[in-house]
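Input: a single structure, listed below in structure tokens.
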Amino acid sequence: MLMTLFLKEIIVEEASRNEVEKSITNHDLIEIYYEGDEKINPGRRSIEPYVLGLSPRENLILRAYQ
């Protein structure tokens with residue numbers, strides 16, 4: 001099953017934490033928008049999230065396979 005959620009940056013208001021956790025449990029794909037950097041162009045990416053947690057600075061982070 002392909003589940004498409006549109007996220008800006010890493011996790012924003014557009015997808016609830018519950019939706020992301022459900023996609024991890026179900027091994028669903030999420031579509032994100034990557035803003036790019038000096039080496040990689042911006043654009044949409046399909047990812048499979050596998051961990052949602054907090055960084056040492058208490059920021060919400062998402063680890064995913066691309």
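Starting from 1 in every chain, residues are counted up; chains themselves are A, B, ... following the order of the structure tokens, and ligands are numbered from 1 as listed.
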
> Using only C-alpha atoms, which residues sit within 8 Å of Leu52 (chain A) once same-chain residues fewer than 4 positions away are excluded, as a PyMOL selection string?
Replying inline: chain A and resi 20-21+60-63

Would you output that residue set with N, CA and C atoms, as a PDB file, in the first residue's frame?
```pdb
ATOM      1  N   VAL A  20       2.548   9.619  10.885  1.00  0.00           N
ATOM      2  CA  VAL A  20       3.906   9.167  10.607  1.00  0.00           C
ATOM      3  C   VAL A  20       4.177   7.855  11.340  1.00  0.00           C
ATOM      4  N   GLU A  21       3.764   7.756  12.602  1.00  0.00           N
ATOM      5  CA  GLU A  21       3.953   6.513  13.359  1.00  0.00           C
ATOM      6  C   GLU A  21       3.217   5.353  12.700  1.00  0.00           C
ATOM      7  N   LEU A  60      12.466  16.943  17.147  1.00  0.00           N
ATOM      8  CA  LEU A  60      11.825  15.782  16.545  1.00  0.00           C
ATOM      9  C   LEU A  60      12.557  15.419  15.260  1.00  0.00           C
ATOM     10  N   ILE A  61      12.960  14.144  15.138  1.00  0.00           N
ATOM     11  CA  ILE A  61      13.700  13.703  13.959  1.00  0.00           C
ATOM     12  C   ILE A  61      13.050  12.453  13.382  1.00  0.00           C
ATOM     13  N   LEU A  62      13.246  12.258  12.096  1.00  0.00           N
ATOM     14  CA  LEU A  62      12.718  11.109  11.393  1.00  0.00           C
ATOM     15  C   LEU A  62      13.849  10.448  10.628  1.00  0.00           C
ATOM     16  N   ARG A  63      14.036   9.161  10.838  1.00  0.00           N
ATOM     17  CA  ARG A  63      15.005   8.391  10.042  1.00  0.00           C
ATOM     18  C   ARG A  63      14.213   7.575   9.040  1.00  0.00           C
TER      19      ARG A  63
END
```

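When the distance limit is 8 Å and only C-alpha atoms are what count, the residues near Tyr65 (chain A), minus those fewer than 6 positions from it on the same chain, are Ile47, Glu48, Pro49 and Tyr50 of chain A.
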
> CA of Ser23 (chain A) to CA of Gly53 (chain A): how many Å, to one decimal?
Replying inline: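 Separation between CA of Ser23 (chain A) and CA of Gly53 (chain A): 14.3 Å.
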
Based on DSSP run over this structure's backbone, return all residues of region 19-61 of chain A in alpha helix (DSSP H), as a PDB file with N, CA, C and O atoms, in the first residue's frame.
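Written out: states-v1.pdb:
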```
ATOM      1  N   GLU A  19       0.078   9.949  12.175  1.00  0.00           N
ATOM      2  CA  GLU A  19       0.123   9.479  10.785  1.00  0.00           C
ATOM      3  C   GLU A  19       1.504   8.939  10.427  1.00  0.00           C
ATOM      4  O   GLU A  19       1.620   7.916   9.754  1.00  0.00           O
ATOM      5  N   VAL A  20       2.548   9.619  10.885  1.00  0.00           N
ATOM      6  CA  VAL A  20       3.906   9.167  10.607  1.00  0.00           C
ATOM      7  C   VAL A  20       4.177   7.855  11.340  1.00  0.00           C
ATOM      8  O   VAL A  20       4.730   6.911  10.771  1.00  0.00           O
ATOM      9  N   GLU A  21       3.764   7.756  12.602  1.00  0.00           N
ATOM     10  CA  GLU A  21       3.953   6.513  13.359  1.00  0.00           C
ATOM     11  C   GLU A  21       3.217   5.353  12.700  1.00  0.00           C
ATOM     12  O   GLU A  21       3.735   4.237  12.639  1.00  0.00           O
ATOM     13  N   LYS A  22       2.016   5.614  12.193  1.00  0.00           N
ATOM     14  CA  LYS A  22       1.249   4.571  11.512  1.00  0.00           C
ATOM     15  C   LYS A  22       1.964   4.120  10.236  1.00  0.00           C
ATOM     16  O   LYS A  22       2.005   2.939   9.922  1.00  0.00           O
ATOM     17  N   SER A  23       2.553   5.060   9.503  1.00  0.00           N
ATOM     18  CA  SER A  23       3.270   4.687   8.281  1.00  0.00           C
ATOM     19  C   SER A  23       4.517   3.866   8.608  1.00  0.00           C
ATOM     20  O   SER A  23       4.904   2.995   7.831  1.00  0.00           O
ATOM     21  N   ILE A  24       5.148   4.118   9.756  1.00  0.00           N
ATOM     22  CA  ILE A  24       6.291   3.303  10.186  1.00  0.00           C
ATOM     23  C   ILE A  24       5.821   1.877  10.470  1.00  0.00           C
ATOM     24  O   ILE A  24       6.413   0.913   9.984  1.00  0.00           O
ATOM     25  N   THR A  25       4.752   1.738  11.221  1.00  0.00           N
ATOM     26  CA  THR A  25       4.212   0.419  11.558  1.00  0.00           C
ATOM     27  C   THR A  25       3.805  -0.363  10.315  1.00  0.00           C
ATOM     28  O   THR A  25       4.077  -1.558  10.200  1.00  0.00           O
ATOM     29  N   ASN A  26       3.176   0.318   9.360  1.00  0.00           N
ATOM     30  CA  ASN A  26       2.666  -0.337   8.151  1.00  0.00           C
ATOM     31  C   ASN A  26       3.686  -0.418   7.022  1.00  0.00           C
ATOM     32  O   ASN A  26       3.372  -0.942   5.955  1.00  0.00           O
TER      33      ASN A  26
END
```

> Taking only C-alpha atoms into account, which of A:Arg17, A:Glu58, A:Asp28, A:Gln66 comes nearest Arg45 (chain A)?
Replying inline: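 For Arg45 (chain A), the nearest of the candidates is A:Gln66.
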